[in-house]
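Enquirer: I am sharing final_7.txt, which consists of compact mmCIF, C-alpha atoms:
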```txt
# COMPACT_ATOMS: atom_id res chain seq x y z
CA MET A 1 -21.18 -40.13 23.90
CA CYS A 2 -24.74 -41.14 24.45
CA PHE A 3 -25.96 -44.68 24.66
CA SER A 4 -28.92 -44.26 22.32
CA GLU A 5 -30.40 -42.04 19.65
CA LYS A 6 -33.20 -40.87 21.98
CA ASN A 7 -30.71 -39.99 24.73
CA SER A 8 -28.76 -37.88 22.25
CA TYR A 9 -31.82 -35.87 21.27
CA PHE A 10 -32.89 -35.54 24.90
CA ASN A 11 -29.44 -34.25 25.86
CA ALA A 12 -29.59 -31.73 23.01
CA ILE A 13 -32.87 -30.41 24.39
CA LEU A 14 -31.46 -30.28 27.93
CA LEU A 15 -28.32 -28.45 26.83
CA THR A 16 -30.21 -25.90 24.79
CA SER A 17 -32.74 -25.34 27.58
CA ALA A 18 -29.98 -24.89 30.16
CA GLY A 19 -28.22 -22.37 27.93
CA ILE A 20 -31.40 -20.37 27.42
CA TYR A 21 -32.26 -20.55 31.11
CA SER A 22 -28.79 -19.34 32.14
CA ASN A 23 -29.42 -16.03 30.39
CA LYS A 24 -25.64 -15.72 29.84
CA TYR A 25 -24.51 -15.46 26.24
CA LYS A 26 -21.29 -17.49 26.72
CA LEU A 27 -23.17 -20.35 28.34
CA LEU A 28 -25.82 -20.20 25.63
CA TYR A 29 -23.25 -20.44 22.82
CA VAL A 30 -21.45 -23.33 24.48
CA SER A 31 -24.66 -25.21 25.24
CA ILE A 32 -25.89 -24.85 21.66
CA PHE A 33 -22.48 -25.94 20.37
CA PHE A 34 -22.59 -29.14 22.43
CA ALA A 35 -26.29 -29.65 21.63
CA VAL A 36 -25.31 -29.76 17.94
CA LYS A 37 -22.86 -32.54 18.81
CA GLU A 38 -25.67 -34.49 20.48
CA ILE A 39 -27.85 -34.05 17.40
CA LEU A 40 -25.02 -35.29 15.17
CA GLN A 41 -24.64 -38.35 17.41
CA GLY A 42 -28.38 -39.03 17.30
CA LEU A 43 -28.32 -38.83 13.52
CA LEU A 44 -25.35 -41.22 13.40
CA TYR A 45 -27.51 -43.75 15.26
CA ARG A 46 -30.43 -43.14 12.94
CA PHE A 47 -28.53 -43.53 9.67
CA GLN A 48 -26.55 -46.71 10.40
CA GLY A 49 -26.25 -48.53 7.08
CA ASN A 50 -26.37 -45.38 4.91
CA ASP A 51 -22.71 -44.89 4.01
CA TYR A 52 -23.17 -41.52 2.29
CA ILE A 53 -25.02 -39.92 5.22
CA LEU A 54 -22.62 -41.48 7.75
CA SER A 55 -19.67 -40.03 5.84
CA LEU A 56 -21.30 -36.60 5.82
CA LEU A 57 -22.23 -36.73 9.52
CA SER A 58 -18.80 -37.96 10.60
CA SER A 59 -17.15 -35.18 8.57
CA LEU A 60 -19.38 -32.64 10.31
CA SER A 61 -18.44 -34.29 13.62
CA TRP A 62 -14.76 -33.79 12.78
CA ILE A 63 -15.40 -30.10 12.22
CA HIS A 64 -17.20 -29.98 15.54
CA ILE A 65 -14.31 -31.77 17.28
CA SER A 66 -11.93 -29.24 15.72
CA PHE A 67 -13.72 -26.35 17.40
CA GLN A 68 -14.08 -27.98 20.83
CA PRO A 69 -10.97 -26.29 22.33
CA LEU A 70 -12.41 -22.90 21.40
CA PHE A 71 -15.76 -23.59 23.02
CA VAL A 72 -14.26 -25.21 26.10
CA ASN A 73 -12.21 -22.04 26.60
CA ILE A 74 -15.28 -19.86 26.03
CA LEU A 75 -17.00 -21.86 28.77
CA LEU A 76 -14.04 -21.54 31.12
CA SER A 77 -13.79 -17.80 30.43
CA HIS A 78 -17.25 -17.47 31.94
CA PHE A 79 -15.81 -18.67 35.26
CA ALA A 80 -12.66 -16.53 35.06
CA PRO A 81 -13.64 -13.35 33.21
CA ASP A 82 -10.80 -11.28 34.66
CA PHE A 83 -8.06 -13.24 32.81
CA LYS A 84 -6.71 -10.77 30.26
CA TYR A 85 -5.50 -13.29 27.66
CA TRP A 86 -8.83 -14.93 26.77
CA ASN A 87 -9.14 -13.12 23.45
CA LEU A 88 -5.68 -14.28 22.41
CA ILE A 89 -6.54 -17.84 23.44
CA PHE A 90 -9.79 -17.67 21.44
CA ILE A 91 -7.90 -16.53 18.34
CA VAL A 92 -5.28 -19.29 18.72
CA CYS A 93 -8.03 -21.90 19.21
CA PHE A 94 -9.92 -20.64 16.15
CA VAL A 95 -6.84 -20.71 13.92
CA PHE A 96 -5.91 -24.16 15.24
CA ALA A 97 -9.45 -25.39 14.50
CA LEU A 98 -9.12 -24.28 10.89
CA TYR A 99 -5.81 -26.14 10.67
CA TYR A 100 -7.19 -29.23 12.46
CA ILE A 101 -10.10 -29.48 10.00
CA THR A 102 -7.55 -29.96 7.19
CA ILE A 103 -6.23 -33.13 8.82
CA LEU A 104 -9.38 -34.94 7.66
CA LYS A 105 -8.51 -36.21 4.19
CA ILE A 106 -11.51 -34.69 2.41
CA PHE A 107 -10.47 -31.23 3.68
CA ASP A 108 -6.72 -31.84 3.21
CA ILE A 109 -5.45 -28.72 1.44
CA GLN A 110 -1.82 -29.68 2.06
CA ASN A 111 -2.28 -32.80 -0.12
CA GLN A 112 -0.44 -35.05 2.35
CA GLU A 113 -0.42 -38.82 2.15
CA SER A 114 -3.13 -40.75 3.93
CA CYS A 115 -2.35 -41.93 7.42
CA LYS A 116 -0.92 -45.35 8.08
CA PRO A 117 -2.95 -47.38 10.60
CA ARG A 118 -1.17 -48.15 13.87
CA GLY A 119 -3.28 -51.23 14.40
CA ARG A 120 -6.28 -53.14 13.15
CA ASN A 121 -8.75 -50.99 15.11
CA ASP A 122 -7.23 -47.55 14.49
CA ASP A 123 -10.41 -45.45 14.19
CA SER A 124 -8.52 -42.23 13.46
CA CYS A 125 -6.86 -43.79 10.43
CA HIS A 126 -9.56 -45.51 8.45
CA HIS A 127 -10.09 -45.59 4.69
CA ILE A 128 -13.44 -43.75 4.96
CA ASN A 129 -15.24 -41.36 7.31
CA THR A 130 -18.09 -43.12 9.04
CA GLY A 131 -19.88 -43.85 12.27
CA TYR A 132 -20.41 -47.31 13.66
CA MET A 133 -22.11 -49.02 16.57
CA GLY A 134 -19.54 -49.68 19.25
CA GLU A 135 -20.06 -52.00 22.17
CA TYR A 136 -21.98 -49.36 24.15
CA HIS A 137 -22.39 -46.30 21.94
CA ILE A 138 -21.72 -44.77 18.54
CA GLY A 139 -18.10 -44.61 17.40
CA TYR A 140 -16.29 -42.71 14.66
CA ARG A 141 -13.86 -43.71 11.98
CA PHE A 142 -11.97 -40.96 10.23
CA HIS A 143 -9.85 -40.93 7.08
CA THR A 144 -7.06 -38.55 8.03
CA ASP A 145 -3.79 -37.46 6.50
CA ASN A 146 -0.38 -38.41 7.87
CA THR A 147 -0.07 -35.48 10.32
CA PRO A 148 1.94 -36.59 13.37
CA SER A 149 0.20 -36.49 16.75
CA TYR A 150 2.54 -33.78 18.07
CA LEU A 151 1.03 -31.48 15.40
CA SER A 152 -2.56 -32.61 15.81
CA TRP A 153 -3.74 -34.41 18.94
CA LEU A 154 -1.19 -32.93 21.36
CA PRO A 155 -1.81 -29.23 20.55
CA ARG A 156 -5.57 -29.89 20.67
CA GLN A 157 -5.27 -31.34 24.16
CA ILE A 158 -3.01 -28.50 25.29
CA LEU A 159 -5.49 -25.90 24.02
CA MET A 160 -8.34 -27.73 25.77
CA PHE A 161 -6.76 -27.79 29.23
CA VAL A 162 -3.66 -25.66 29.72
CA PRO A 163 -4.97 -22.07 29.30
CA ALA A 164 -7.44 -22.38 32.18
CA LEU A 165 -4.71 -23.62 34.51
CA PHE A 166 -3.54 -20.01 34.68
CA THR A 167 -6.97 -18.72 35.74
CA ARG A 168 -9.45 -19.07 38.58
CA ALA A 169 -11.13 -21.78 36.47
CA ARG A 170 -8.14 -24.14 36.98
CA PHE A 171 -10.05 -26.38 39.39
CA ILE A 172 -12.78 -26.97 36.84
CA THR A 173 -10.11 -27.99 34.33
CA ILE A 174 -8.23 -30.20 36.78
CA PHE A 175 -11.37 -32.06 37.84
CA SER A 176 -12.51 -32.51 34.22
CA MET A 177 -9.33 -34.32 33.21
```
As structure tokens, please, write out the structure in this file.
Expert:
Amino acid sequence: MCFSEKNSYFNAILLTSAGIYSNKYKLLYVSIFFAVKEILQGLLYRFQGNDYILSLLSSLSWIHISFQPLFVNILLSHFAPDFKYWNLIFIVCFVFALYYITILKIFDIQNQESCKPRGRNDDSCHHINTGYMGEYHIGYRFHTDNTPSYLSWLPRQILMFVPALFTRARFITIFSM
């Protein structure tokens, strides 16, 4: 997360420029994907106090977060192109992203109960979707359903890090943890 609105926009420009400069389509897609995240963060800074816009932006951020495992694996596939299971991993990540989106209550097609907060400051189990000013940067609050973490957070983390451990890109993954 960035520490200011201007930093977010600057990072978006840097990411997009780096992707264009790389002249590699995988790096371009990934850089644009993460540049969109920076733009969303910048807009969350800008619209503090506007509950409707914050709800919309945080919902878009949830969608973005849902697709992060896919784009992380696309990035890692650039560094280990000879791994024969990338396409399968991309499909699994895409399907999981569609499922993960439905954990946010406004996209909840399973019609599950709302989550129950685990504490006073449980940002992933709030009564609305919003963004707020944290101590150092923008934070999120999400209104999610009651999906247990072993069906939501854990598979997301596994998809983000485990596939690359079986490739030449394992050191990138290990050092990014």
Enquirer: For Glu113 (chain A), work out the shell of residues within 12 Å, counting only C-alpha atoms and skipping chain neighbours fewer than 5 positions away, then give it as an MDAnalysis selection string.
Expert: chainID A and resid 103:106 108 125 143:148
Enquirer: Between CA of Tyr136 (chain A) and CA of Asn121 (chain A), what is the distance, to one decimal in Å?
Expert: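 According to the coordinates, CA of Tyr136 (chain A) and CA of Asn121 (chain A) are separated by 16.1 Å.
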Enquirer: Check which residues of region 88-172 of chain A sit at most 9 Å from region 78-83 of chain A using all atoms listed in the file, and return one row each with the closest pair of atoms and their distance in Å to one decimal, ordered by chain and rising number, as a Markdown table.
Expert:
```
| residue | atom | partner | partner_atom | distance |
| --- | --- | --- | --- | --- |
| A:Ala164 | CA | A:Ala80 | CA | 8.4 |
| A:Phe166 | CA | A:Phe83 | CA | 8.4 |
| A:Thr167 | CA | A:Ala80 | CA | 6.1 |
| A:Arg168 | CA | A:Ala80 | CA | 5.4 |
| A:Ala169 | CA | A:Ala80 | CA | 5.6 |
| A:Ile172 | CA | A:Phe79 | CA | 9.0 |
```
Enquirer: Which residue gives the smallest distance to Thr16 (chain A) among A:Phe94, A:Tyr29, A:Phe161, A:Tyr132, with all atoms listed in the file counted?
Expert: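 Of A:Phe94, A:Tyr29, A:Phe161, A:Tyr132, the one nearest Thr16 (chain A) is A:Tyr29, counting all atoms listed in the file.
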Enquirer: Find the distance between CA of Arg141 (chain A) and CA of Ser124 (chain A) and write it in Å to one decimal.
Expert: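 These atoms are spaced 5.7 Å apart.
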Enquirer: Which distance in Å separates CA of Arg170 (chain A) and CA of Ser8 (chain A), to one decimal?
Expert: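 Straight-line distance from CA of Arg170 (chain A) to CA of Ser8 (chain A) works out to 28.8 Å.
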Enquirer: With all atoms listed in the file as the basis for distance, which of A:Pro69, A:Gly131, A:Gly19, A:Gly139 is at the shortest distance from Val95 (chain A)?
Expert: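 Once distances to Val95 (chain A) are computed over all atoms listed in the file, the minimum belongs to A:Pro69.
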Enquirer: Got a minute to add N, CA and C atoms to region 52-82 of chain A and dump it as a short mmCIF file (atom, residue, chain, number, x, y, z; two decimals), in the frame of the given file?
Expert:
```cif
data_model
loop_
_atom_site.label_atom_id
_atom_site.label_comp_id
_atom_site.auth_asym_id
_atom_site.auth_seq_id
_atom_site.Cartn_x
_atom_site.Cartn_y
_atom_site.Cartn_z
N TYR A 52 -23.32 -42.92 2.71
CA TYR A 52 -23.17 -41.52 2.29
C TYR A 52 -23.49 -40.57 3.44
N ILE A 53 -24.62 -40.78 4.11
CA ILE A 53 -25.02 -39.92 5.22
C ILE A 53 -24.04 -40.06 6.38
N LEU A 54 -23.59 -41.28 6.67
CA LEU A 54 -22.62 -41.48 7.75
C LEU A 54 -21.32 -40.74 7.47
N SER A 55 -20.89 -40.75 6.21
CA SER A 55 -19.67 -40.03 5.84
C SER A 55 -19.86 -38.52 6.06
N LEU A 56 -21.00 -38.01 5.65
CA LEU A 56 -21.30 -36.60 5.82
C LEU A 56 -21.36 -36.22 7.30
N LEU A 57 -22.07 -37.02 8.09
CA LEU A 57 -22.23 -36.73 9.52
C LEU A 57 -20.90 -36.84 10.27
N SER A 58 -20.09 -37.83 9.91
CA SER A 58 -18.80 -37.96 10.60
C SER A 58 -17.86 -36.82 10.20
N SER A 59 -17.95 -36.34 8.98
CA SER A 59 -17.15 -35.18 8.57
C SER A 59 -17.59 -33.93 9.33
N LEU A 60 -18.88 -33.76 9.51
CA LEU A 60 -19.38 -32.64 10.31
C LEU A 60 -18.94 -32.79 11.77
N SER A 61 -18.91 -34.03 12.25
CA SER A 61 -18.44 -34.29 13.62
C SER A 61 -16.97 -33.91 13.77
N TRP A 62 -16.17 -34.18 12.73
CA TRP A 62 -14.76 -33.79 12.78
C TRP A 62 -14.61 -32.28 12.89
N ILE A 63 -15.43 -31.56 12.14
CA ILE A 63 -15.40 -30.10 12.22
C ILE A 63 -15.77 -29.66 13.63
N HIS A 64 -16.78 -30.30 14.18
CA HIS A 64 -17.20 -29.98 15.54
C HIS A 64 -16.07 -30.26 16.54
N ILE A 65 -15.43 -31.40 16.41
CA ILE A 65 -14.31 -31.77 17.28
C ILE A 65 -13.18 -30.74 17.16
N SER A 66 -12.98 -30.23 15.95
CA SER A 66 -11.93 -29.24 15.72
C SER A 66 -12.14 -27.96 16.52
N PHE A 67 -13.41 -27.58 16.70
CA PHE A 67 -13.72 -26.35 17.40
C PHE A 67 -13.95 -26.54 18.90
N GLN A 68 -13.86 -27.76 19.41
CA GLN A 68 -14.08 -27.98 20.83
C GLN A 68 -13.13 -27.20 21.74
N PRO A 69 -11.83 -27.11 21.45
CA PRO A 69 -10.97 -26.29 22.33
C PRO A 69 -11.44 -24.84 22.45
N LEU A 70 -11.91 -24.27 21.36
CA LEU A 70 -12.41 -22.90 21.40
C LEU A 70 -13.60 -22.80 22.35
N PHE A 71 -14.56 -23.70 22.21
CA PHE A 71 -15.76 -23.59 23.02
C PHE A 71 -15.53 -23.99 24.47
N VAL A 72 -14.62 -24.89 24.71
CA VAL A 72 -14.26 -25.21 26.10
C VAL A 72 -13.66 -23.97 26.76
N ASN A 73 -12.81 -23.26 26.04
CA ASN A 73 -12.21 -22.04 26.60
C ASN A 73 -13.23 -20.91 26.75
N ILE A 74 -14.20 -20.84 25.86
CA ILE A 74 -15.28 -19.86 26.03
C ILE A 74 -16.04 -20.18 27.31
N LEU A 75 -16.32 -21.45 27.54
CA LEU A 75 -17.00 -21.86 28.77
C LEU A 75 -16.17 -21.49 30.00
N LEU A 76 -14.90 -21.82 29.96
CA LEU A 76 -14.04 -21.54 31.12
C LEU A 76 -13.86 -20.04 31.34
N SER A 77 -13.92 -19.26 30.27
CA SER A 77 -13.79 -17.80 30.43
C SER A 77 -14.98 -17.22 31.19
N HIS A 78 -16.09 -17.91 31.16
CA HIS A 78 -17.25 -17.47 31.94
C HIS A 78 -16.94 -17.50 33.44
N PHE A 79 -16.13 -18.48 33.85
CA PHE A 79 -15.81 -18.67 35.26
C PHE A 79 -14.58 -17.87 35.70
N ALA A 80 -13.84 -17.34 34.74
CA ALA A 80 -12.66 -16.53 35.06
C ALA A 80 -12.59 -15.33 34.11
N PRO A 81 -13.57 -14.45 34.18
CA PRO A 81 -13.64 -13.35 33.21
C PRO A 81 -12.52 -12.32 33.33
N ASP A 82 -11.83 -12.29 34.45
CA ASP A 82 -10.80 -11.28 34.66
C ASP A 82 -9.45 -11.64 34.02
#
```
